[in-house]
$ cat protein36.txt   # compact mmCIF, C-alpha atoms and all ligand atoms
# COMPACT_ATOMS: atom_id res chain seq x y z
CA MET K 16 -74.71 -18.08 28.07
CA THR K 17 -77.59 -18.66 25.67
CA ASP K 18 -76.64 -20.45 22.48
CA TYR K 19 -77.69 -18.80 19.25
CA PRO K 20 -77.90 -20.19 15.72
CA LYS K 21 -74.88 -19.31 13.57
CA GLY K 22 -74.45 -17.14 10.50
CA ILE K 23 -76.80 -14.82 8.67
CA GLU K 24 -79.18 -17.79 8.28
CA GLY K 25 -79.31 -17.89 12.09
CA ALA K 26 -80.23 -14.20 12.21
CA VAL K 27 -82.96 -14.72 9.61
CA LEU K 28 -84.31 -17.63 11.66
CA LEU K 29 -84.30 -15.59 14.87
CA ASP K 30 -86.15 -12.76 13.11
CA SER K 31 -88.79 -15.19 11.91
CA GLN K 32 -89.30 -16.38 15.50
CA ASP K 33 -89.38 -12.86 16.96
CA GLU K 34 -92.75 -12.25 18.61
CA LEU K 35 -92.30 -8.49 18.36
CA LYS K 36 -91.12 -8.40 14.73
CA ALA K 37 -94.28 -6.59 13.53
CA TYR K 38 -93.34 -3.53 15.60
CA ARG K 39 -90.46 -2.56 13.34
CA GLN K 40 -93.08 -1.64 10.72
CA LYS K 41 -94.49 0.93 13.11
CA PHE K 42 -91.33 3.06 12.87
CA HIS K 43 -89.64 5.14 10.20
CA ILE K 44 -86.17 3.64 9.68
CA PRO K 45 -83.66 6.19 8.31
CA THR K 46 -82.28 5.27 4.88
CA ARG K 47 -78.93 5.81 3.22
CA LYS K 48 -78.39 7.65 -0.07
CA ASN K 49 -78.52 4.31 -1.89
CA GLY K 50 -81.96 3.61 -0.41
CA ASP K 51 -80.83 0.90 2.04
CA GLU K 52 -82.01 1.15 5.62
CA PHE K 53 -79.41 2.19 8.17
CA ILE K 54 -78.52 -0.28 10.88
CA TYR K 55 -79.84 2.02 13.57
CA LEU K 56 -78.26 1.37 16.96
CA CYS K 57 -78.75 4.80 18.52
CA GLY K 58 -82.07 4.23 20.26
CA ASN K 59 -80.34 5.07 23.55
CA SER K 60 -79.60 8.52 22.19
CA LEU K 61 -82.55 9.38 19.96
CA GLY K 62 -85.26 6.79 19.40
CA LEU K 63 -86.84 6.43 15.96
CA GLN K 64 -90.08 8.09 14.95
CA PRO K 65 -93.28 6.07 15.31
CA LYS K 66 -95.33 6.39 12.12
CA THR K 67 -98.33 7.53 14.17
CA VAL K 68 -96.53 10.66 15.44
CA ALA K 69 -97.35 12.73 12.35
CA GLN K 70 -101.09 12.08 12.54
CA ASN K 71 -101.13 12.78 16.29
CA ILE K 72 -99.44 16.14 15.80
CA GLU K 73 -101.59 16.86 12.74
CA GLN K 74 -104.70 16.38 14.91
CA GLU K 75 -103.57 19.12 17.28
CA LEU K 76 -102.60 21.45 14.43
CA GLU K 77 -106.06 20.95 12.91
CA ASP K 78 -107.81 21.62 16.20
CA TRP K 79 -105.73 24.72 16.79
CA LYS K 80 -106.47 25.88 13.22
CA ASN K 81 -110.21 25.30 13.54
CA LEU K 82 -110.91 25.99 17.17
CA GLY K 83 -108.35 28.52 18.38
CA VAL K 84 -108.57 28.98 22.11
CA GLU K 85 -111.64 26.74 22.32
CA GLY K 86 -109.28 23.83 21.72
CA HIS K 87 -108.39 23.88 25.41
CA ILE K 88 -111.84 22.38 26.05
CA GLN K 89 -113.15 21.29 22.65
CA ALA K 90 -110.20 19.72 20.88
CA LYS K 91 -110.59 16.01 20.20
CA ASN K 92 -108.00 15.62 22.96
CA PRO K 93 -108.69 18.74 25.05
CA TRP K 94 -105.48 20.62 25.79
CA LEU K 95 -106.37 21.60 29.33
CA PRO K 96 -106.06 18.06 30.71
CA TYR K 97 -103.81 16.79 27.85
CA HIS K 98 -100.98 15.63 30.11
CA GLU K 99 -103.44 13.38 31.91
CA PHE K 100 -103.87 11.33 28.72
CA LEU K 101 -100.24 10.25 29.12
CA THR K 102 -100.18 9.54 32.82
CA GLU K 103 -101.56 6.02 33.05
CA ALA K 104 -99.52 4.56 30.21
CA MET K 105 -96.37 6.25 31.52
CA ALA K 106 -97.10 5.00 35.05
CA ARG K 107 -97.54 1.44 33.78
CA LEU K 108 -94.30 1.67 31.86
CA VAL K 109 -92.22 2.78 34.84
CA GLY K 110 -94.14 0.73 37.42
CA ALA K 111 -95.70 3.52 39.42
CA LYS K 112 -99.14 4.66 40.53
CA PRO K 113 -100.67 7.29 38.24
CA SER K 114 -100.63 9.83 41.06
CA GLU K 115 -96.85 9.39 41.28
CA VAL K 116 -96.13 10.27 37.64
CA VAL K 117 -96.35 13.34 35.49
CA VAL K 118 -95.03 14.19 32.03
CA MET K 119 -93.61 17.72 32.10
CA ASN K 120 -90.60 19.88 31.23
CA THR K 121 -87.34 18.21 30.27
CA LEU K 122 -85.05 16.00 32.29
CA THR K 123 -82.59 18.49 33.75
CA VAL K 124 -85.40 20.90 34.60
CA ASN K 125 -87.23 18.13 36.44
CA LEU K 126 -84.04 17.16 38.23
CA HIS K 127 -83.69 20.74 39.47
CA LEU K 128 -87.28 20.76 40.68
CA MET K 129 -86.70 17.51 42.54
CA LEU K 130 -83.45 18.76 44.08
CA VAL K 131 -85.26 21.84 45.35
CA SER K 132 -87.64 19.58 47.26
CA PHE K 133 -85.46 16.62 48.17
CA TYR K 134 -81.99 18.03 48.66
CA ARG K 135 -82.39 20.03 51.86
CA PRO K 136 -78.96 20.08 53.50
CA GLU K 137 -79.16 20.71 57.20
CA GLY K 138 -76.47 20.67 59.89
CA ASN K 139 -74.09 17.81 59.16
CA ARG K 140 -76.38 16.23 56.62
CA THR K 141 -75.13 17.84 53.42
CA LYS K 142 -73.57 15.20 51.21
CA VAL K 143 -74.72 13.82 47.90
CA ILE K 144 -73.52 10.56 46.35
CA ILE K 145 -73.23 10.52 42.57
CA GLU K 146 -71.31 8.46 39.98
CA SER K 147 -67.91 9.84 38.98
CA ASP K 148 -68.93 9.32 35.35
CA ALA K 149 -72.46 10.62 35.82
CA PHE K 150 -73.98 12.38 32.84
CA PRO K 151 -72.49 15.91 33.06
CA SER K 152 -75.88 17.61 33.32
CA ASP K 153 -76.68 15.63 36.48
CA LYS K 154 -73.48 16.70 38.11
CA TYR K 155 -73.93 20.35 37.10
CA ALA K 156 -77.42 20.29 38.55
CA VAL K 157 -76.32 18.86 41.89
CA GLU K 158 -73.29 21.17 42.12
CA SER K 159 -75.43 24.22 41.45
CA HIS K 160 -77.77 23.28 44.29
CA MET K 161 -74.81 22.96 46.61
CA GLN K 162 -73.69 26.39 45.50
CA MET K 163 -77.17 27.74 46.15
CA HIS K 164 -77.00 26.34 49.69
CA GLY K 165 -73.55 27.89 50.18
CA LEU K 166 -71.76 24.53 50.10
CA ASP K 167 -68.55 23.66 48.31
CA SER K 168 -69.11 20.67 46.04
CA ALA K 169 -65.45 19.62 46.39
CA GLU K 170 -66.28 18.84 49.99
CA HIS K 171 -69.89 17.73 49.84
CA LEU K 172 -70.18 15.78 46.60
CA ILE K 173 -69.11 12.14 46.92
CA GLU K 174 -68.21 10.52 43.62
CA LEU K 175 -68.39 6.76 43.18
CA THR K 176 -65.46 5.58 41.10
CA PRO K 177 -65.03 2.06 39.67
CA LYS K 178 -62.11 0.07 41.11
CA LYS K 179 -58.83 0.54 39.27
CA GLY K 180 -58.72 -1.41 36.04
CA THR K 181 -62.51 -1.85 35.93
CA HIS K 182 -65.24 0.16 34.24
CA CYS K 183 -68.32 -0.55 36.33
CA LEU K 184 -69.22 0.02 39.95
CA GLU K 185 -69.73 -2.84 42.33
CA HIS K 186 -73.11 -2.88 43.93
CA GLN K 187 -71.77 -3.62 47.38
CA ASP K 188 -69.35 -0.68 47.16
CA ILE K 189 -72.28 1.68 46.59
CA LEU K 190 -74.05 0.32 49.65
CA ASP K 191 -70.85 0.58 51.70
CA VAL K 192 -70.28 4.23 50.80
CA ILE K 193 -73.88 5.01 51.74
CA GLN K 194 -73.38 3.35 55.08
CA THR K 195 -70.05 4.96 55.89
CA THR K 196 -71.34 8.41 54.93
CA GLY K 197 -74.17 7.78 57.39
CA ASP K 198 -75.75 10.83 58.93
CA GLU K 199 -73.76 13.18 56.72
CA LEU K 200 -75.62 11.85 53.71
CA ALA K 201 -78.50 13.96 52.41
CA LEU K 202 -79.15 12.31 49.04
CA VAL K 203 -78.11 9.49 46.74
CA MET K 204 -78.60 10.57 43.12
CA LEU K 205 -77.61 7.96 40.57
CA GLY K 206 -78.31 7.33 36.93
CA ASN K 207 -80.21 4.07 37.21
CA THR K 208 -78.62 2.93 33.98
CA ASN K 209 -75.21 4.47 33.40
CA TYR K 210 -75.21 6.23 30.03
CA TYR K 211 -71.58 5.31 29.31
CA THR K 212 -71.18 1.71 30.47
CA GLY K 213 -74.84 0.67 30.22
CA GLN K 214 -74.61 -0.70 33.77
CA TYR K 215 -77.97 -0.95 35.51
CA PHE K 216 -78.27 -0.41 39.25
CA ASP K 217 -80.84 -2.19 41.33
CA MET K 218 -82.62 0.82 42.81
CA LYS K 219 -84.39 -0.90 45.67
CA PRO K 220 -81.41 -1.91 47.86
CA ILE K 221 -79.75 1.44 47.16
CA THR K 222 -82.88 3.25 48.25
CA THR K 223 -83.27 1.06 51.32
CA ALA K 224 -79.65 1.74 52.32
CA ALA K 225 -80.11 5.49 51.82
CA HIS K 226 -83.28 5.55 53.89
CA ALA K 227 -81.61 3.48 56.60
CA VAL K 228 -79.14 6.31 57.23
CA GLY K 229 -81.87 8.94 57.01
CA ALA K 230 -81.07 10.14 53.46
CA LYS K 231 -83.23 10.48 50.37
CA ALA K 232 -82.76 8.54 47.12
CA GLY K 233 -83.48 9.80 43.61
CA PHE K 234 -82.66 8.37 40.20
CA ASP K 235 -82.04 9.67 36.72
CA CYS K 236 -83.78 7.10 34.54
CA ALA K 237 -82.88 8.67 31.17
CA HIS K 238 -81.46 5.34 30.01
CA GLY K 239 -83.95 3.26 31.94
CA ALA K 240 -87.35 4.53 30.79
CA GLY K 241 -88.63 2.45 27.89
CA ASN K 242 -85.66 0.13 28.39
CA GLN K 243 -85.86 -1.44 31.84
CA ASP K 244 -88.69 -2.72 33.98
CA LEU K 245 -88.14 0.02 36.54
CA GLN K 246 -90.90 -0.71 39.08
CA LEU K 247 -90.31 2.73 40.54
CA HIS K 248 -92.98 2.49 43.19
CA ASP K 249 -91.56 -0.73 44.63
CA THR K 250 -88.05 0.64 44.77
CA GLY K 251 -89.27 3.10 47.39
CA ALA K 252 -87.23 5.87 45.72
CA ASP K 253 -88.21 9.40 46.65
CA PHE K 254 -88.08 10.69 43.10
CA ALA K 255 -87.01 9.83 39.58
CA VAL K 256 -86.70 11.81 36.38
CA TRP K 257 -86.29 10.76 32.76
CA CYS K 258 -86.49 11.98 29.20
CA SER K 259 -88.72 10.62 26.45
CA TYR K 260 -86.52 10.99 23.38
CA LYS K 261 -84.15 8.06 24.00
CA TYR K 262 -85.73 4.58 24.35
CA LEU K 263 -89.11 6.30 24.56
CA ASN K 264 -89.05 7.40 20.90
CA SER K 265 -90.92 10.67 21.47
CA GLY K 266 -88.80 13.00 19.36
CA PRO K 267 -85.82 15.34 19.81
CA GLY K 268 -86.05 17.43 22.96
CA SER K 269 -89.47 16.03 23.79
CA LEU K 270 -90.95 16.22 27.27
CA GLY K 271 -89.55 14.39 30.26
CA GLY K 272 -91.18 12.36 32.99
CA CYS K 273 -91.09 12.75 36.73
CA PHE K 274 -91.90 10.34 39.56
CA VAL K 275 -92.55 11.46 43.11
CA ASN K 276 -93.19 8.70 45.61
CA GLU K 277 -96.74 8.82 47.00
CA ARG K 278 -95.41 9.25 50.52
CA HIS K 279 -94.68 12.86 49.53
CA ALA K 280 -97.98 13.42 47.73
CA ASP K 281 -99.72 15.50 50.38
CA ASP K 282 -96.72 17.01 52.10
CA SER K 283 -97.34 20.73 51.83
CA SER K 284 -94.34 21.43 54.06
CA LEU K 285 -91.96 20.39 51.25
CA VAL K 286 -90.16 23.32 49.71
CA ARG K 287 -90.89 23.43 46.00
CA PHE K 288 -90.68 25.78 43.07
CA LYS K 289 -94.24 26.65 42.24
CA GLY K 290 -96.20 27.50 39.13
CA TRP K 291 -99.89 27.80 38.29
CA TRP K 292 -100.07 24.38 36.66
CA GLY K 293 -99.24 22.73 39.95
CA HIS K 294 -102.19 24.46 41.60
CA ASN K 295 -105.48 22.73 42.47
CA LYS K 296 -107.29 22.27 39.15
CA LYS K 297 -110.65 23.35 40.55
CA THR K 298 -109.46 26.79 41.55
CA ARG K 299 -106.55 27.31 39.16
CA PHE K 300 -108.42 29.77 36.98
CA LEU K 301 -109.68 31.82 39.88
CA MET K 302 -106.11 33.10 39.95
CA ARG K 303 -106.04 33.22 43.73
CA ASP K 304 -103.02 34.30 45.69
CA ASP K 305 -102.64 31.22 47.85
CA PHE K 306 -100.90 28.26 46.29
CA ASP K 307 -102.79 25.03 46.82
CA HIS K 308 -100.73 22.22 45.30
CA ILE K 309 -102.28 19.27 43.47
CA PRO K 310 -101.52 16.17 45.53
CA GLY K 311 -98.93 13.89 43.91
CA ALA K 312 -96.45 14.44 41.12
CA GLU K 313 -98.74 16.84 39.24
CA GLY K 314 -98.22 19.32 42.03
CA TRP K 315 -94.70 19.98 40.73
CA GLN K 316 -95.93 21.20 37.32
CA LEU K 317 -95.07 24.78 36.51
CA SER K 318 -96.53 25.70 33.15
CA ASN K 319 -99.20 24.64 30.75
CA PRO K 320 -97.32 22.16 28.58
CA PRO K 321 -96.41 22.04 24.87
CA ILE K 322 -99.23 20.04 23.30
CA LEU K 323 -97.42 19.27 20.02
CA SER K 324 -94.67 17.55 21.92
CA MET K 325 -97.16 15.70 24.11
CA ALA K 326 -98.91 14.46 20.97
CA SER K 327 -95.75 12.67 20.03
CA VAL K 328 -95.23 11.22 23.52
CA LYS K 329 -98.80 9.95 23.28
CA ALA K 330 -98.10 8.17 19.99
CA SER K 331 -95.07 6.49 21.48
CA LEU K 332 -96.74 5.41 24.71
CA GLU K 333 -99.54 3.76 22.74
CA ILE K 334 -96.93 1.41 21.28
CA PHE K 335 -95.31 0.65 24.64
CA ASP K 336 -98.71 0.00 26.11
CA GLN K 337 -99.52 -2.56 23.42
CA VAL K 338 -96.26 -4.45 23.98
CA GLY K 339 -95.87 -4.14 27.73
CA ILE K 340 -92.50 -3.80 29.44
CA SER K 341 -92.03 -7.49 30.27
CA ALA K 342 -92.41 -8.69 26.66
CA LEU K 343 -90.15 -5.86 25.62
CA ARG K 344 -87.44 -6.81 28.13
CA LYS K 345 -87.66 -10.45 27.14
CA LYS K 346 -86.80 -9.69 23.53
CA ALA K 347 -84.31 -6.99 24.53
CA ASP K 348 -82.35 -9.41 26.72
CA HIS K 349 -82.32 -12.02 23.98
CA LEU K 350 -81.31 -9.55 21.29
CA THR K 351 -78.60 -7.92 23.44
CA GLY K 352 -77.37 -11.38 24.40
CA TYR K 353 -77.19 -12.25 20.70
CA MET K 354 -74.98 -9.25 20.01
CA GLU K 355 -72.76 -10.18 22.96
CA PHE K 356 -72.56 -13.78 21.72
CA LEU K 357 -71.50 -12.70 18.22
CA ILE K 358 -68.90 -10.26 19.55
CA ASN K 359 -67.46 -12.77 22.00
CA ASN K 360 -67.07 -15.24 19.15
CA LEU K 361 -65.03 -12.85 17.01
CA ASN K 362 -61.48 -13.89 16.47
CA THR K 363 -59.88 -10.77 17.96
CA ASP K 364 -58.39 -9.58 21.22
CA LYS K 365 -58.93 -5.93 20.39
CA ILE K 366 -62.44 -5.79 21.79
CA GLU K 367 -63.72 -5.64 25.34
CA ILE K 368 -67.38 -5.24 26.19
CA ILE K 369 -67.39 -3.01 29.27
CA THR K 370 -71.12 -3.40 29.92
CA PRO K 371 -71.75 -6.08 32.58
CA SER K 372 -72.36 -9.57 31.19
CA ASP K 373 -74.91 -10.17 33.96
CA VAL K 374 -78.30 -9.49 32.32
CA LYS K 375 -79.66 -8.18 35.61
CA GLN K 376 -77.09 -5.39 35.44
CA ARG K 377 -77.81 -4.12 31.96
CA GLY K 378 -80.49 -3.28 29.45
CA SER K 379 -80.45 -2.69 25.70
CA GLN K 380 -76.95 -1.33 25.42
CA LEU K 381 -73.48 -2.68 24.94
CA SER K 382 -70.49 -0.39 25.29
CA ILE K 383 -67.67 -1.85 23.25
CA PHE K 384 -64.16 -0.75 24.07
CA VAL K 385 -61.89 -1.14 21.05
CA LYS K 386 -58.24 -1.23 22.13
CA GLY K 387 -56.05 1.27 20.34
CA ALA K 388 -58.91 2.45 18.15
CA SER K 389 -59.34 5.99 16.93
CA LYS K 390 -62.46 7.62 15.62
CA THR K 391 -61.35 6.60 12.10
CA LEU K 392 -62.49 3.06 12.84
CA PHE K 393 -65.86 4.36 13.93
CA ASP K 394 -66.15 6.56 10.83
CA LYS K 395 -65.48 3.53 8.64
CA ILE K 396 -68.30 1.66 10.35
CA THR K 397 -70.59 4.64 9.88
CA ASP K 398 -69.71 4.74 6.16
CA GLN K 399 -71.01 1.18 5.89
CA GLY K 400 -74.47 2.14 7.10
CA VAL K 401 -74.25 1.75 10.87
CA MET K 402 -75.58 4.50 13.12
CA ALA K 403 -73.96 4.09 16.52
CA ASP K 404 -72.28 6.37 19.01
CA TRP K 405 -68.61 7.03 19.70
CA ARG K 406 -67.18 8.11 23.04
CA GLU K 407 -63.54 8.82 23.71
CA PRO K 408 -61.38 6.91 24.53
CA GLY K 409 -62.39 4.21 22.10
CA VAL K 410 -65.88 3.20 23.15
CA ILE K 411 -68.61 2.38 20.65
CA ARG K 412 -72.02 2.43 22.28
CA VAL K 413 -74.72 0.43 20.56
CA ALA K 414 -78.32 -0.08 21.59
CA PRO K 415 -80.12 -3.07 20.12
CA THR K 416 -83.66 -1.98 20.96
CA ALA K 417 -86.53 -4.42 21.13
CA LEU K 418 -89.15 -2.43 19.24
CA TYR K 419 -87.43 -1.84 15.93
CA ASN K 420 -84.07 -3.61 15.77
CA SER K 421 -83.88 -6.98 14.08
CA TYR K 422 -81.49 -9.88 14.64
CA GLN K 423 -80.23 -9.19 11.13
CA ASP K 424 -79.38 -5.61 12.17
CA VAL K 425 -77.28 -7.04 14.97
CA TYR K 426 -75.65 -9.66 12.77
CA ARG K 427 -74.76 -7.17 10.06
CA PHE K 428 -73.35 -4.69 12.58
CA VAL K 429 -71.03 -7.25 14.17
CA ASP K 430 -69.98 -8.45 10.71
CA ILE K 431 -69.10 -4.88 9.66
CA LEU K 432 -67.23 -4.32 12.94
CA ASP K 433 -65.27 -7.53 12.44
CA LYS K 434 -64.31 -6.80 8.83
CA THR K 435 -63.35 -3.23 9.68
CA LEU K 436 -61.15 -4.40 12.57
CA ILE K 437 -59.08 -6.74 10.40
CA GLN K 438 -58.55 -4.14 7.71
C1 LIG D 1 -79.73 12.12 28.07
C2 LIG D 1 -79.47 12.41 29.48
C3 LIG D 1 -79.72 13.69 30.01
C4 LIG D 1 -80.19 14.80 29.13
O1 LIG D 1 -80.86 15.80 29.82
P1 LIG D 1 -81.86 16.80 29.09
O2 LIG D 1 -82.22 17.73 30.17
O3 LIG D 1 -83.00 15.99 28.55
O4 LIG D 1 -81.13 17.47 27.96
C5 LIG D 1 -79.47 13.87 31.37
N1 LIG D 1 -79.01 12.85 32.15
C6 LIG D 1 -78.76 11.62 31.64
C7 LIG D 1 -78.26 10.52 32.53
C8 LIG D 1 -78.96 11.37 30.29
O5 LIG D 1 -78.68 10.17 29.79
$ encode --input "protein36.txt" --output "structure tokens"
Amino acid sequence: MTDYPKGIEGAVLLDSQDELKAYRQKFHIPTRKNGDEFIYLCGNSLGLQPKTVAQNIEQELEDWKNLGVEGHIQAKNPWLPYHEFLTEAMARLVGAKPSEVVVMNTLTVNLHLMLVSFYRPEGNRTKVIIESDAFPSDKYAVESHMQMHGLDSAEHLIELTPKKGTHCLEHQDILDVIQTTGDELALVMLGNTNYYTGQYFDMKPITTAAHAVGAKAGFDCAHGAGNQDLQLHDTGADFAVWCSYKYLNSGPGSLGGCFVNERHADDSSLVRFKGWWGHNKKTRFLMRDDFDHIPGAEGWQLSNPPILSMASVKASLEIFDQVGISALRKKADHLTGYMEFLINNLNTDKIEIITPSDVKQRGSQLSIFVKGASKTLFDKITDQGVMADWREPGVIRVAPTALYNSYQDVYRFVDILDKTLIQ
């Protein structure tokens, strides 16, 4: 375990050495009634607003005001190809080729679109592997596809459950279930970073194991995008989906991202839900009858997208592009490790961090199980200026994010937690 300097002086020192410390100034930090900044640890739920978002949206409002429909072509950032302005930065962030990535819709919608194409149960091959504590929306989506195919999810959905007395899955167990399901397996669909425990799954071996038995592999990267170095292309995954409002700081309900591996780019035999925005750009406005999909991820687009929301994704991606995911991860690991170090040094046996201590199996989140705690404890912490997240039974989820959280944020949070526990 890394050693960290002690006390608030230690936190001040670490902040002064932080190579990314200037980035905090690029965000609006929510303030309390007394004018103090909140200790904001909810970046895994809703990321903070980059200060450049307002001017980006203002630009589009101005162009709409002054140009009307001409803005599709003549806006400073023409609306017709607007999504393309996001593609390269998003592709760099998730480690994919630009042709494999598109920003569109929202996460669950994209998941449905991907399931239409990549969950094609046939004969014996019907089963889907998912985490037992998957985000509910993911499970609803998969179950509804089973229903659509006339399959009973009780029989065809395989849930991965952590061993008794543990909170996280073991990597080998996932691979074993894939192998034993064998030719009955149609799809592995995991959250690449579990929203509850913060556990990160190495997508490449999971994908390789799925492909080895003839199944597809797709990932929900809601808690991975903007947090982990995903290297989606190298994982070999068939598809991935994510949202942009968590670590990606693009605003409430903002657009999601979608990755489709290039091996599927030109496959016109794939069943897909179609819309005019997925049609060949050259002939889209001829309004022809025959659907001619754009090769790559763009071919799954349905509608012309909401530009105001894209303007905010654009502002956020500009920041990620300046930092780069490896510098971001470096600080994030150090900052998360600092929080873990402080918590492990508390003089209490009431706390258990359920997130893996192995840095390769986590990102910028610690899920802290407080034995015998009720929400009252959490409310007391909130009253002292901490914004975190509470999940029954007794788990406080905190996300020390690299772009805007300081070492002093982390220090003060753990100090408040400690003092509240002994009360
Ligand atoms: C946040 C989150 C979602 C939310 O889906 P939306 O369609 O964006 O509302 C879905 N899945 C996971 C794993 C999440 O963490």
$ residues_around --input "protein36.txt" --residues "K:Ala69" --least-positions-apart "3" --cutoff "10 Å" --atoms "all atoms listed in the file" --output "list in words"
Gln64, Pro65, Lys66, Ile72, Glu73, Gln74, Ala326, Ser327 and Ala330 of chain K
$ residues_near_ligand --input "protein36.txt" --ligand "ligand LIG 1 (chain D)" --cutoff "6 Å" --atoms "only C-alpha atoms and all ligand atoms" --output "number ranges by chain"
K: 121-123, 150, 152-153, 206, 210, 235, 237-238, 258
$ residues_around --input "protein36.txt" --residues "stretch 197-203 of chain K" --least-positions-apart "5" --cutoff "9 Å" --atoms "all atoms listed in the file" --output "ChimeraX atom specification"
/K:133-145,192,221-222,225,227-234
$ closest_residue --input "protein36.txt" --among "K:Arg287, K:Phe428, K:Glu355, K:Tyr155" --to "K:Asp398" --atoms "all atoms listed in the file"
K:Phe428
$ closest_residue --input "protein36.txt" --among "K:Gln438, K:Gln423, K:Gln337, K:Asn59" --to "K:Leu28" --atoms "all atoms listed in the file"
K:Gln423
$ closest_residue --input "protein36.txt" --among "K:Glu52, K:Glu170, K:Asp33, K:Asp188" --to "K:Met402" --atoms "all atoms listed in the file"
K:Glu52
$ residues_around --input "protein36.txt" --residues "K:Ile437" --least-positions-apart "2" --cutoff "12 Å" --atoms "all atoms listed in the file" --output "VMD selection string"
chain K and resid 361 to 366 392 430 to 435
$ closest_residue --input "protein36.txt" --among "K:Ala252, K:Ala37, K:Cys273, K:Val425" --to "K:Met105" --atoms "all atoms listed in the file"
K:Cys273
$ atom_distance --input "protein36.txt" --atom1 "atom CA of K:Gln70" --atom2 "atom CA of K:Leu101"
16.7 Å
$ atom_distance --input "protein36.txt" --atom1 "atom CA of K:Ser421" --atom2 "atom CA of K:Asp30"
6.3 Å
$ atom_distance --input "protein36.txt" --atom1 "atom CA of K:Ala111" --atom2 "atom CA of K:Glu99"
14.6 Å
$ closest_residue --input "protein36.txt" --among "K:Ser341, K:Asn242, K:Gln32, K:Asn264" --to "K:Leu61" --atoms "all atoms listed in the file"
K:Asn264
$ residues_around --input "protein36.txt" --residues "K:Val109" --least-positions-apart "4" --cutoff "10 Å" --atoms "only C-alpha atoms" --output "PyMOL selection string"
chain K and resi 104-105+116+236+239-248+255+272+274+340
$ closest_residue --input "protein36.txt" --among "K:Ser168, K:Thr370, K:Asn71, K:Asn295" --to "K:Ser382" --atoms "all atoms listed in the file"
K:Thr370
$ residues_around --input "protein36.txt" --residues "K:Tyr426" --least-positions-apart "6" --cutoff "12 Å" --atoms "all atoms listed in the file" --output "CSV table (one decimal) with C-alpha atoms, keeping the file's coordinate frame"
chain,number,residue,atom,x,y,z
K,19,TYR,CA,-77.7,-18.8,19.2
K,20,PRO,CA,-77.9,-20.2,15.7
K,21,LYS,CA,-74.9,-19.3,13.6
K,22,GLY,CA,-74.4,-17.1,10.5
K,23,ILE,CA,-76.8,-14.8,8.7
K,24,GLU,CA,-79.2,-17.8,8.3
K,25,GLY,CA,-79.3,-17.9,12.1
K,26,ALA,CA,-80.2,-14.2,12.2
K,27,VAL,CA,-83.0,-14.7,9.6
K,28,LEU,CA,-84.3,-17.6,11.7
K,29,LEU,CA,-84.3,-15.6,14.9
K,30,ASP,CA,-86.2,-12.8,13.1
K,54,ILE,CA,-78.5,-0.3,10.9
K,350,LEU,CA,-81.3,-9.6,21.3
K,351,THR,CA,-78.6,-7.9,23.4
K,352,GLY,CA,-77.4,-11.4,24.4
K,353,TYR,CA,-77.2,-12.2,20.7
K,354,MET,CA,-75.0,-9.2,20.0
K,355,GLU,CA,-72.8,-10.2,23.0
K,356,PHE,CA,-72.6,-13.8,21.7
K,357,LEU,CA,-71.5,-12.7,18.2
K,358,ILE,CA,-68.9,-10.3,19.6
K,361,LEU,CA,-65.0,-12.8,17.0
K,401,VAL,CA,-74.2,1.8,10.9
K,415,PRO,CA,-80.1,-3.1,20.1
K,420,ASN,CA,-84.1,-3.6,15.8
K,432,LEU,CA,-67.2,-4.3,12.9
K,433,ASP,CA,-65.3,-7.5,12.4
$ axis_aligned_box --input "protein36.txt" --around "stretch 96-111 of chain K" --padding-each-side "4 Å" --output "AutoDock Vina command-line options"
--center_x -99.1 --center_y 9.4 --center_z 33.6 --size_x 21.8 --size_y 25.3 --size_z 19.6
